[in-house]
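**Student:** Below is the file start-v8.pdb, with PDB, C-alpha atoms and all ligand atoms.
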```pdb
ATOM      1  CA  MET Z   1       0.000   0.000   0.000  1.00  0.00           C
ATOM      2  CA  LEU Z   2       1.228   3.480  -0.825  1.00  0.00           C
ATOM      3  CA  ASN Z   3       1.609   5.996   1.901  1.00  0.00           C
ATOM      4  CA  CYS Z   4       0.000   8.769  -0.060  1.00  0.00           C
ATOM      5  CA  CYS Z   5      -1.224  11.176   2.575  1.00  0.00           C
ATOM      6  CA  ILE Z   6       0.685  14.227   3.669  1.00  0.00           C
ATOM      7  CA  LYS Z   7      -0.021  16.288   6.747  1.00  0.00           C
ATOM      8  CA  LEU Z   8      -1.349  19.803   6.476  1.00  0.00           C
ATOM      9  CA  PRO Z   9       0.157  22.053   9.125  1.00  0.00           C
ATOM     10  CA  TYR Z  10      -3.115  23.893   9.675  1.00  0.00           C
ATOM     11  CA  LEU Z  11      -5.170  20.807  10.432  1.00  0.00           C
ATOM     12  CA  THR Z  12      -4.980  20.028  14.116  1.00  0.00           C
ATOM     13  CA  PRO Z  13      -5.623  16.497  15.423  1.00  0.00           C
ATOM     14  CA  ALA Z  14      -8.983  17.664  16.810  1.00  0.00           C
ATOM     15  CA  MET Z  15     -10.228  18.576  13.345  1.00  0.00           C
ATOM     16  CA  HIS Z  16     -11.829  15.771  11.403  1.00  0.00           C
ATOM     17  CA  GLY Z  17     -12.304  17.830   8.258  1.00  0.00           C
ATOM     18  CA  ILE Z  18     -14.397  20.667   6.893  1.00  0.00           C
ATOM     19  CA  ASP Z  19     -18.069  20.855   6.063  1.00  0.00           C
ATOM     20  CA  LEU Z  20     -18.503  22.717   2.777  1.00  0.00           C
ATOM     21  CA  GLU Z  21     -22.300  22.420   2.812  1.00  0.00           C
ATOM     22  CA  GLN Z  22     -22.391  24.227   6.146  1.00  0.00           C
ATOM     23  CA  ALA Z  23     -20.044  26.815   4.735  1.00  0.00           C
ATOM     24  CA  ASP Z  24     -22.447  27.382   1.808  1.00  0.00           C
ATOM     25  CA  HIS Z  25     -25.034  28.448   4.358  1.00  0.00           C
ATOM     26  CA  GLY Z  26     -22.645  30.833   6.026  1.00  0.00           C
ATOM     27  CA  LEU Z  27     -22.279  28.752   9.172  1.00  0.00           C
ATOM     28  CA  LEU Z  28     -18.584  29.354   9.364  1.00  0.00           C
ATOM     29  CA  ASP Z  29     -18.299  28.166  12.945  1.00  0.00           C
ATOM     30  CA  ASP Z  30     -19.292  24.739  11.665  1.00  0.00           C
ATOM     31  CA  LEU Z  31     -16.638  24.664   8.977  1.00  0.00           C
ATOM     32  CA  ARG Z  32     -14.506  22.449  11.134  1.00  0.00           C
ATOM     33  CA  ILE Z  33     -16.065  19.052  11.567  1.00  0.00           C
ATOM     34  CA  VAL Z  34     -15.406  18.030  15.113  1.00  0.00           C
ATOM     35  CA  ALA Z  35     -17.859  15.150  15.338  1.00  0.00           C
ATOM     36  CA  THR Z  36     -16.385  11.761  16.041  1.00  0.00           C
ATOM     37  CA  PRO Z  37     -16.190   9.380  13.061  1.00  0.00           C
ATOM     38  CA  ALA Z  38     -19.037   7.319  14.557  1.00  0.00           C
ATOM     39  CA  ALA Z  39     -21.374  10.319  14.447  1.00  0.00           C
ATOM     40  CA  ARG Z  40     -20.913  10.810  10.733  1.00  0.00           C
ATOM     41  CA  GLY Z  41     -22.939   7.774   9.790  1.00  0.00           C
ATOM     42  CA  LEU Z  42     -23.258   6.356   6.310  1.00  0.00           C
ATOM     43  CA  SER Z  43     -23.670   9.736   4.639  1.00  0.00           C
ATOM     44  CA  GLN Z  44     -19.931  10.353   4.610  1.00  0.00           C
ATOM     45  CA  LEU Z  45     -18.633  10.114   1.060  1.00  0.00           C
ATOM     46  CA  VAL Z  46     -15.561   8.164   0.022  1.00  0.00           C
ATOM     47  CA  LEU Z  47     -12.902   9.681  -2.226  1.00  0.00           C
ATOM     48  CA  ARG Z  48     -12.223   7.428  -5.197  1.00  0.00           C
ATOM     49  CA  THR Z  49      -8.920   7.631  -7.054  1.00  0.00           C
ATOM     50  CA  ASP Z  50      -7.467   5.772  -9.997  1.00  0.00           C
ATOM     51  CA  VAL Z  51      -4.772   3.174  -9.483  1.00  0.00           C
ATOM     52  CA  ALA Z  52      -2.080   5.837  -9.865  1.00  0.00           C
ATOM     53  CA  GLY Z  53      -3.661   7.771  -7.009  1.00  0.00           C
ATOM     54  CA  MET Z  54      -5.195  10.596  -9.051  1.00  0.00           C
ATOM     55  CA  PRO Z  55      -8.457  11.781  -7.471  1.00  0.00           C
ATOM     56  CA  LEU Z  56     -11.536  10.838  -9.535  1.00  0.00           C
ATOM     57  CA  GLU Z  57     -14.820  11.399  -7.710  1.00  0.00           C
ATOM     58  CA  TRP Z  58     -16.878  11.196  -4.534  1.00  0.00           C
ATOM     59  CA  ILE Z  59     -18.825   7.973  -4.086  1.00  0.00           C
ATOM     60  CA  ASP Z  60     -21.281   6.778  -1.455  1.00  0.00           C
ATOM     61  CA  TYR Z  61     -20.895   3.649   0.658  1.00  0.00           C
ATOM     62  CA  LYS Z  62     -23.003   1.527  -1.716  1.00  0.00           C
ATOM     63  CA  GLU Z  63     -20.793   2.364  -4.670  1.00  0.00           C
ATOM     64  CA  ALA Z  64     -17.710   1.730  -2.529  1.00  0.00           C
ATOM     65  CA  ALA Z  65     -19.102  -1.663  -1.504  1.00  0.00           C
ATOM     66  CA  ARG Z  66     -19.790  -2.503  -5.153  1.00  0.00           C
ATOM     67  CA  LEU Z  67     -16.206  -1.679  -6.084  1.00  0.00           C
ATOM     68  CA  TYR Z  68     -14.904  -3.879  -3.270  1.00  0.00           C
ATOM     69  CA  HIS Z  69     -17.152  -6.760  -4.311  1.00  0.00           C
ATOM     70  CA  GLN Z  70     -16.077  -6.462  -7.927  1.00  0.00           C
ATOM     71  CA  GLU Z  71     -12.470  -6.510  -6.747  1.00  0.00           C
ATOM     72  CA  GLN Z  72     -11.799  -3.140  -8.322  1.00  0.00           C
ATOM     73  CA  VAL Z  73     -10.210  -1.706  -5.187  1.00  0.00           C
ATOM     74  CA  ALA Z  74      -6.432  -1.855  -5.680  1.00  0.00           C
ATOM     75  CA  TYR Z  75      -5.508  -0.333  -2.327  1.00  0.00           C
ATOM     76  CA  THR Z  76      -6.908   1.992   0.286  1.00  0.00           C
ATOM     77  CA  CYS Z  77      -5.711   5.130   1.987  1.00  0.00           C
ATOM     78  CA  GLY Z  78      -6.911   7.385   4.752  1.00  0.00           C
ATOM     79  CA  SER Z  79      -8.916   6.098   7.697  1.00  0.00           C
ATOM     80  CA  LEU Z  80     -11.473   3.352   8.256  1.00  0.00           C
ATOM     81  CA  LEU Z  81     -14.951   4.805   7.628  1.00  0.00           C
ATOM     82  CA  TYR Z  82     -17.355   1.894   7.706  1.00  0.00           C
ATOM     83  CA  GLU Z  83     -17.588  -1.760   8.566  1.00  0.00           C
ATOM     84  CA  LEU Z  84     -20.344  -3.142   6.369  1.00  0.00           C
ATOM     85  CA  TYR Z  85     -21.773  -6.513   7.351  1.00  0.00           C
ATOM     86  CA  GLY Z  86     -22.739  -8.901   4.591  1.00  0.00           C
ATOM     87  CA  GLY Z  87     -24.182 -12.405   4.436  1.00  0.00           C
ATOM     88  CA  VAL Z  88     -22.827 -15.539   6.092  1.00  0.00           C
ATOM     89  CA  SER Z  89     -20.142 -17.255   4.056  1.00  0.00           C
ATOM     90  CA  ALA Z  90     -21.131 -20.817   3.075  1.00  0.00           C
ATOM     91  CA  ARG Z  91     -17.497 -21.805   3.144  1.00  0.00           C
ATOM     92  CA  THR Z  92     -16.494 -20.496   6.577  1.00  0.00           C
ATOM     93  CA  GLY Z  93     -19.854 -20.056   8.297  1.00  0.00           C
ATOM     94  CA  LEU Z  94     -18.773 -16.554   9.303  1.00  0.00           C
ATOM     95  CA  ARG Z  95     -20.501 -13.280   8.527  1.00  0.00           C
ATOM     96  CA  THR Z  96     -18.537 -11.276   5.958  1.00  0.00           C
ATOM     97  CA  VAL Z  97     -17.339  -7.857   7.028  1.00  0.00           C
ATOM     98  CA  LEU Z  98     -16.311  -5.236   4.510  1.00  0.00           C
ATOM     99  CA  GLU Z  99     -14.075  -2.458   5.737  1.00  0.00           C
ATOM    100  CA  VAL Z 100     -14.394   0.734   3.690  1.00  0.00           C
ATOM    101  CA  ASN Z 101     -11.746   3.422   3.949  1.00  0.00           C
ATOM    102  CA  SER Z 102     -12.095   7.157   3.333  1.00  0.00           C
ATOM    103  CA  ILE Z 103      -9.952   6.929   0.172  1.00  0.00           C
ATOM    104  CA  VAL Z 104     -10.043   3.984  -2.241  1.00  0.00           C
ATOM    105  CA  ALA Z 105      -7.815   3.532  -5.292  1.00  0.00           C
ATOM    106  CA  THR Z 106      -9.525   1.592  -8.045  1.00  0.00           C
ATOM    107  CA  VAL Z 107      -8.548  -0.198 -11.221  1.00  0.00           C
ATOM    108  CA  GLY Z 108     -10.369  -0.129 -14.526  1.00  0.00           C
ATOM    109  CA  HIS Z 109     -12.035   2.446 -16.693  1.00  0.00           C
ATOM    110  CA  THR Z 110     -13.216   5.586 -14.957  1.00  0.00           C
ATOM    111  CA  GLY Z 111     -15.156   7.646 -17.458  1.00  0.00           C
ATOM    112  CA  ASN Z 112     -13.737  10.794 -15.890  1.00  0.00           C
ATOM    113  CA  PRO Z 113     -11.525  12.699 -18.314  1.00  0.00           C
ATOM    114  CA  GLY Z 114     -10.134  15.129 -15.780  1.00  0.00           C
ATOM    115  CA  ASN Z 115      -7.205  13.092 -14.568  1.00  0.00           C
ATOM    116  CA  THR Z 116      -5.790  12.409 -18.014  1.00  0.00           C
ATOM    117  CA  ARG Z 117      -6.510  15.548 -20.001  1.00  0.00           C
ATOM    118  CA  HIS Z 118      -4.474  18.611 -19.187  1.00  0.00           C
ATOM    119  CA  ASP Z 119      -6.883  20.891 -21.012  1.00  0.00           C
ATOM    120  CA  TYR Z 120      -9.884  19.630 -19.032  1.00  0.00           C
ATOM    121  CA  VAL Z 121     -12.158  22.421 -17.883  1.00  0.00           C
ATOM    122  CA  PRO Z 122     -14.589  21.508 -15.099  1.00  0.00           C
ATOM    123  CA  PRO Z 123     -18.205  22.612 -15.515  1.00  0.00           C
ATOM    124  CA  LEU Z 124     -18.946  26.028 -14.080  1.00  0.00           C
ATOM    125  CA  ASN Z 125     -21.637  26.331 -11.450  1.00  0.00           C
ATOM    126  CA  ASN Z 126     -22.304  28.780  -8.660  1.00  0.00           C
ATOM    127  CA  GLN Z 127     -21.695  26.373  -5.801  1.00  0.00           C
ATOM    128  CA  THR Z 128     -18.134  25.547  -6.840  1.00  0.00           C
ATOM    129  CA  LEU Z 129     -17.511  29.125  -8.000  1.00  0.00           C
ATOM    130  CA  PHE Z 130     -18.450  30.590  -4.616  1.00  0.00           C
ATOM    131  CA  ARG Z 131     -16.333  27.967  -2.880  1.00  0.00           C
ATOM    132  CA  ARG Z 132     -13.412  28.720  -5.217  1.00  0.00           C
ATOM    133  CA  ASP Z 133     -13.638  32.344  -4.104  1.00  0.00           C
ATOM    134  CA  ALA Z 134     -13.960  31.291  -0.431  1.00  0.00           C
ATOM    135  CA  TYR Z 135     -17.397  32.955  -0.174  1.00  0.00           C
ATOM    136  CA  LEU Z 136     -15.742  36.361  -0.504  1.00  0.00           C
ATOM    137  CA  CYS Z 137     -17.099  39.106  -2.721  1.00  0.00           C
ATOM    138  CA  MET Z 138     -14.168  39.637  -5.061  1.00  0.00           C
ATOM    139  CA  TYR Z 139     -14.798  43.401  -5.054  1.00  0.00           C
ATOM    140  CA  CYS Z 140     -15.513  44.449  -1.452  1.00  0.00           C
ATOM    141  CA  SER Z 141     -13.721  41.390   0.075  1.00  0.00           C
ATOM    142  CA  LEU Z 142     -16.505  40.748   2.588  1.00  0.00           C
ATOM    143  CA  ARG Z 143     -17.661  37.182   3.264  1.00  0.00           C
ATOM    144  CA  PHE Z 144     -21.255  36.138   2.496  1.00  0.00           C
ATOM    145  CA  PRO Z 145     -23.330  32.948   2.566  1.00  0.00           C
ATOM    146  CA  SER Z 146     -23.930  31.499  -0.908  1.00  0.00           C
ATOM    147  CA  ARG Z 147     -27.508  32.796  -1.123  1.00  0.00           C
ATOM    148  CA  GLU Z 148     -26.225  36.386  -0.894  1.00  0.00           C
ATOM    149  CA  LEU Z 149     -23.598  35.968  -3.596  1.00  0.00           C
ATOM    150  CA  SER Z 150     -24.007  36.225  -7.348  1.00  0.00           C
ATOM    151  CA  ARG Z 151     -21.952  35.336 -10.405  1.00  0.00           C
ATOM    152  CA  ASP Z 152     -20.333  38.452 -11.802  1.00  0.00           C
ATOM    153  CA  HIS Z 153     -19.042  38.444 -15.356  1.00  0.00           C
ATOM    154  CA  ILE Z 154     -15.881  40.513 -15.185  1.00  0.00           C
ATOM    155  CA  ARG Z 155     -16.179  41.436 -18.842  1.00  0.00           C
ATOM    156  CA  PRO Z 156     -19.945  41.580 -19.290  1.00  0.00           C
ATOM    157  CA  PHE Z 157     -21.735  39.617 -22.006  1.00  0.00           C
ATOM    158  CA  SER Z 158     -22.682  42.909 -23.663  1.00  0.00           C
ATOM    159  CA  GLN Z 159     -18.968  43.591 -24.190  1.00  0.00           C
ATOM    160  CA  GLY Z 160     -18.073  40.126 -25.453  1.00  0.00           C
ATOM    161  CA  GLY Z 161     -17.388  38.454 -22.092  1.00  0.00           C
ATOM    162  CA  THR Z 162     -17.895  34.708 -21.753  1.00  0.00           C
ATOM    163  CA  ASP Z 163     -19.389  32.512 -19.070  1.00  0.00           C
ATOM    164  CA  SER Z 164     -16.090  30.867 -18.155  1.00  0.00           C
ATOM    165  CA  TRP Z 165     -14.055  30.319 -14.975  1.00  0.00           C
ATOM    166  CA  THR Z 166     -11.550  33.056 -15.791  1.00  0.00           C
ATOM    167  CA  ASN Z 167     -14.243  35.633 -16.550  1.00  0.00           C
ATOM    168  CA  VAL Z 168     -16.419  35.097 -13.480  1.00  0.00           C
ATOM    169  CA  VAL Z 169     -16.105  35.848  -9.786  1.00  0.00           C
ATOM    170  CA  ALA Z 170     -18.299  35.741  -6.720  1.00  0.00           C
ATOM    171  CA  ALA Z 171     -19.765  39.162  -5.992  1.00  0.00           C
ATOM    172  CA  CYS Z 172     -22.230  40.415  -3.418  1.00  0.00           C
ATOM    173  CA  ARG Z 173     -25.466  41.820  -4.829  1.00  0.00           C
ATOM    174  CA  ARG Z 174     -24.510  45.359  -3.902  1.00  0.00           C
ATOM    175  CA  CYS Z 175     -21.194  45.223  -5.759  1.00  0.00           C
ATOM    176  CA  ASN Z 176     -22.752  43.400  -8.712  1.00  0.00           C
ATOM    177  CA  ASN Z 177     -25.443  46.086  -9.004  1.00  0.00           C
ATOM    178  CA  GLN Z 178     -22.923  48.860  -8.649  1.00  0.00           C
ATOM    179  CA  LYS Z 179     -20.705  47.390 -11.345  1.00  0.00           C
ATOM    180  CA  ALA Z 180     -23.660  46.747 -13.681  1.00  0.00           C
ATOM    181  CA  SER Z 181     -22.786  46.098 -17.352  1.00  0.00           C
ATOM    182  CA  ARG Z 182     -19.289  47.507 -17.115  1.00  0.00           C
ATOM    183  CA  THR Z 183     -15.776  46.146 -16.811  1.00  0.00           C
ATOM    184  CA  PRO Z 184     -14.019  46.713 -13.457  1.00  0.00           C
ATOM    185  CA  GLU Z 185     -11.966  49.491 -15.068  1.00  0.00           C
ATOM    186  CA  GLN Z 186     -15.061  51.230 -16.408  1.00  0.00           C
ATOM    187  CA  ALA Z 187     -16.753  50.915 -12.997  1.00  0.00           C
ATOM    188  CA  ARG Z 188     -13.549  51.857 -11.145  1.00  0.00           C
ATOM    189  CA  MET Z 189     -13.819  48.704  -9.052  1.00  0.00           C
ATOM    190  CA  GLN Z 190     -10.827  46.522  -8.351  1.00  0.00           C
ATOM    191  CA  LEU Z 191     -10.769  42.730  -8.110  1.00  0.00           C
ATOM    192  CA  ILE Z 192      -9.098  41.424  -4.949  1.00  0.00           C
ATOM    193  CA  ALA Z 193      -7.871  38.229  -6.676  1.00  0.00           C
ATOM    194  CA  VAL Z 194      -7.358  36.854 -10.163  1.00  0.00           C
ATOM    195  CA  PRO Z 195     -10.008  34.281 -11.163  1.00  0.00           C
ATOM    196  CA  PHE Z 196      -8.699  30.842 -12.134  1.00  0.00           C
ATOM    197  CA  THR Z 197      -9.907  27.593 -13.679  1.00  0.00           C
ATOM    198  CA  PRO Z 198      -9.743  24.814 -11.062  1.00  0.00           C
ATOM    199  CA  THR Z 199      -7.678  21.758 -11.897  1.00  0.00           C
ATOM    200  CA  TYR Z 200      -9.482  18.441 -11.659  1.00  0.00           C
ATOM    201  CA  ALA Z 201      -8.234  17.786  -8.097  1.00  0.00           C
ATOM    202  CA  GLU Z 202      -9.255  21.293  -7.051  1.00  0.00           C
ATOM    203  CA  TYR Z 203     -12.669  20.769  -8.622  1.00  0.00           C
ATOM    204  CA  ILE Z 204     -13.188  17.484  -6.752  1.00  0.00           C
ATOM    205  CA  PHE Z 205     -12.353  19.289  -3.524  1.00  0.00           C
ATOM    206  CA  LEU Z 206     -14.718  22.172  -4.350  1.00  0.00           C
ATOM    207  CA  LYS Z 207     -17.520  19.689  -5.078  1.00  0.00           C
ATOM    208  CA  GLY Z 208     -17.097  17.989  -1.696  1.00  0.00           C
ATOM    209  CA  ARG Z 209     -19.716  17.874   1.022  1.00  0.00           C
ATOM    210  CA  ARG Z 210     -17.993  16.976   4.244  1.00  0.00           C
ATOM    211  CA  VAL Z 211     -14.353  16.604   3.377  1.00  0.00           C
ATOM    212  CA  LEU Z 212     -12.495  14.642   6.024  1.00  0.00           C
ATOM    213  CA  ALA Z 213      -9.043  15.729   7.091  1.00  0.00           C
ATOM    214  CA  ASP Z 214      -7.320  12.804   5.417  1.00  0.00           C
ATOM    215  CA  GLN Z 215      -9.296  13.318   2.185  1.00  0.00           C
ATOM    216  CA  MET Z 216      -8.439  16.996   2.272  1.00  0.00           C
ATOM    217  CA  GLU Z 217      -4.765  16.292   2.797  1.00  0.00           C
ATOM    218  CA  TYR Z 218      -4.870  13.882  -0.103  1.00  0.00           C
ATOM    219  CA  LEU Z 219      -6.589  16.332  -2.454  1.00  0.00           C
ATOM    220  CA  VAL Z 220      -4.473  19.309  -1.425  1.00  0.00           C
ATOM    221  CA  ALA Z 221      -1.360  17.253  -2.193  1.00  0.00           C
ATOM    222  CA  HIS Z 222      -2.639  17.102  -5.801  1.00  0.00           C
ATOM    223  CA  PHE Z 223      -3.256  20.861  -6.090  1.00  0.00           C
ATOM    224  CA  PRO Z 224      -0.694  22.873  -8.046  1.00  0.00           C
ATOM    225  CA  ARG Z 225       1.854  24.429  -5.715  1.00  0.00           C
ATOM    226  CA  SER Z 226       0.702  27.886  -6.846  1.00  0.00           C
ATOM    227  CA  SER Z 227      -2.990  27.154  -6.205  1.00  0.00           C
ATOM    228  CA  PRO Z 228      -4.747  30.075  -4.478  1.00  0.00           C
ATOM    229  CA  LEU Z 229      -6.799  27.447  -2.651  1.00  0.00           C
ATOM    230  CA  HIS Z 230      -3.879  26.644  -0.320  1.00  0.00           C
ATOM    231  CA  ASP Z 231      -4.118  30.115   1.159  1.00  0.00           C
ATOM    232  CA  ARG Z 232      -7.914  30.272   1.020  1.00  0.00           C
ATOM    233  CA  ILE Z 233      -8.371  26.987   2.877  1.00  0.00           C
ATOM    234  CA  GLN Z 234      -5.920  28.153   5.481  1.00  0.00           C
ATOM    235  CA  ARG Z 235      -7.918  31.358   5.912  1.00  0.00           C
ATOM    236  CA  TRP Z 236     -11.180  29.411   6.243  1.00  0.00           C
ATOM    237  CA  LEU Z 237      -9.644  27.405   9.035  1.00  0.00           C
ATOM    238  CA  SER Z 238      -7.859  30.176  10.889  1.00  0.00           C
TER     239      SER Z 238
HETATM  240 ZN    ZN N   1     -19.202  43.194  -2.484  1.00  0.00          ZN
END
```
For the structure just supplied, provide its representation as structure tokens.
**Tutor:**
Amino acid sequence: MLNCCIKLPYLTPAMHGIDLEQADHGLLDDLRIVATPAARGLSQLVLRTDVAGMPLEWIDYKEAARLYHQEQVAYTCGSLLYELYGGVSARTGLRTVLEVNSIVATVGHTGNPGNTRHDYVPPLNNQTLFRRDAYLCMYCSLRFPSRELSRDHIRPFSQGGTDSWTNVVAACRRCNNQKASRTPEQARMQLIAVPFTPTYAEYIFLKGRRVLADQMEYLVAHFPRSSPLHDRIQRWLS
């Protein structure tokens, strides 16, 4: 088995991960998951990677169990999440127990192009966009829950702007209204950060629900060294 997890200096042993769905609602105090593993129940998603360890997708416990049964799990990483009890083995007379870890590396075809194509562009949606921008309005730099943010087109459609990762930022309604159908220069408003297209590993992280510490460490290890998310995650957690 590969030892593929690195330690993040800003994750303390008491932190079991971060809850991005809570963060969407602006409950920033709940960003750190401090519940014990037992309290998480079966809703905790498993991070699936390919056999080379590249992150692929989030899967639920049923899909993880299917992969184990079909002997597609090459090795596991992270921590033990579930012990799933199956039927009684005719051969041994014992009940089968399946141990599912938080990260599973799988063999076979994946259907996900992101880990092999360097020009892959993840689909743009508000949830991952607002998470990319750490729930900050990219003009006034204040933090808002998702419902109070909007997608601002830096170069507006009316001036040839596109609906793409590098032309959109999270903006509060007030700033978006103030900017209207103008570029930041025309509106004399300055962006606090340069928008970027997430890599596949970054996108998987941004799509997460409750991302456990070991899953986060794994994903962050696959981010580009220059990823703005390193700093943004650190700020979320500080
Ligand atoms: Zn604003």
**Student:** What does the structure give for the distance between CA of Ala64 (chain Z) and CA of Leu129 (chain Z), in Å to one decimal?
**Tutor:**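 Result for CA of Ala64 (chain Z) versus CA of Leu129 (chain Z): 27.9 Å, one decimal.
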**Student:** Identify which of the residues Z:Val169, Z:Val211, Z:Ile18, Z:Cys175 lies closest to ligand ZN 1 (chain N), counting all atoms listed in the file when measuring atom-to-atom distances.
**Tutor:**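 Of all the options, Z:Cys175 lies closest to ligand ZN 1 (chain N).
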**Student:** Which residue gives the smallest distance to Leu219 (chain Z) among Z:Leu237, Z:Ile103, Z:Ala65, Z:Leu84, with only C-alpha atoms counted?
**Tutor:**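 Closest to Leu219 (chain Z), using only C-alpha atoms: Z:Ile103.
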**Student:** With all atoms listed in the file as the atoms that count, which of Z:Lys179, Z:Arg66, Z:Arg131, Z:Arg147 lies nearest to ligand ZN 1 (chain N)?
**Tutor:** Z:Lys179
**Student:** List all protein, DNA and RNA residues that have at least one atom no more than 10 Å from any atom of ligand ZN 1 (chain N), counting only C-alpha atoms and all ligand atoms, and write them as a ChimeraX atom specification.
**Tutor:** /Z:136-144,148-150,170-179
**Student:** Counting all atoms listed in the file, which of Z:Met216, Z:Ile154, Z:Leu80, Z:Val168 gets nearest to Asn126 (chain Z)?
**Tutor:**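 Ranked by minimum distance to Asn126 (chain Z), first place goes to Z:Val168.
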**Student:** Out of Z:Glu21, Z:Thr76, Z:Arg210, Z:Val97, which residue has the shortest atom-to-atom distance to Ser43 (chain Z) when counting only C-alpha atoms?
**Tutor:** Z:Arg210
**Student:** Go through Z:Thr162, Z:Thr96, Z:Thr106, Z:Thr49 one by one, measure the shortest atom-to-atom distance of each to His222 (chain Z) using all atoms listed in the file, and give the residue with the smallest value.
**Tutor:** Z:Thr49
**Student:** Please evaluate the PyMOL selection byres (((chain Z and resi 24) around 10) and not hetatm) against the structure above and give the resulting residues as a list of chain:residue names.
**Tutor:**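 Checked against the file, the PyMOL selection byres (((chain Z and resi 24) around 10) and not hetatm) matches Z:Asp19, Z:Leu20, Z:Glu21, Z:Gln22, Z:Ala23, Z:His25, Z:Gly26, Z:Leu27, Z:Leu28, Z:Leu31, Z:Gln127, Z:Thr128, Z:Phe130, Z:Arg131, Z:Ala134, Z:Tyr135, Z:Phe144, Z:Pro145, Z:Ser146, Z:Arg147, Z:Arg209.
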**Student:** For Arg155 (chain Z), list every protein, DNA or RNA residue within 8 Å, evaluated using all atoms listed in the file, and leave out those in the same chain fewer than 5 positions away; present the list as a list in words.
**Tutor:**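 Residues near the query, excluding close chain neighbours: Gly160, Gly161, Thr162, Asn167, Arg182, Thr183 and Pro184 of chain Z.
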**Student:** Dump C-alpha atoms for the selected residues as a tab-separated table (two decimals), in the frame of the given file?
**Tutor:**
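Result written to result.tsv:
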```tsv
chain	number	residue	atom	x	y	z
Z	160	GLY	CA	-18.07	40.13	-25.45
Z	161	GLY	CA	-17.39	38.45	-22.09
Z	162	THR	CA	-17.90	34.71	-21.75
Z	167	ASN	CA	-14.24	35.63	-16.55
Z	182	ARG	CA	-19.29	47.51	-17.11
Z	183	THR	CA	-15.78	46.15	-16.81
Z	184	PRO	CA	-14.02	46.71	-13.46
```
**Student:** Going by the chain IDs and residue numbers used in this file, which residues fall under the PyMOL selection byres (((chain Z and resi 164) around 10) and not hetatm)? Write them as a ChimeraX atom specification.
**Tutor:** /Z:121-125,153,161-163,165-169,195-197
**Student:** Using the chain letters and numbers from the file, give me the residues hit by the PyMOL selection byres (((chain Z and resi 77) around 12) and not hetatm), as a count of residues only.
**Tutor:** 33
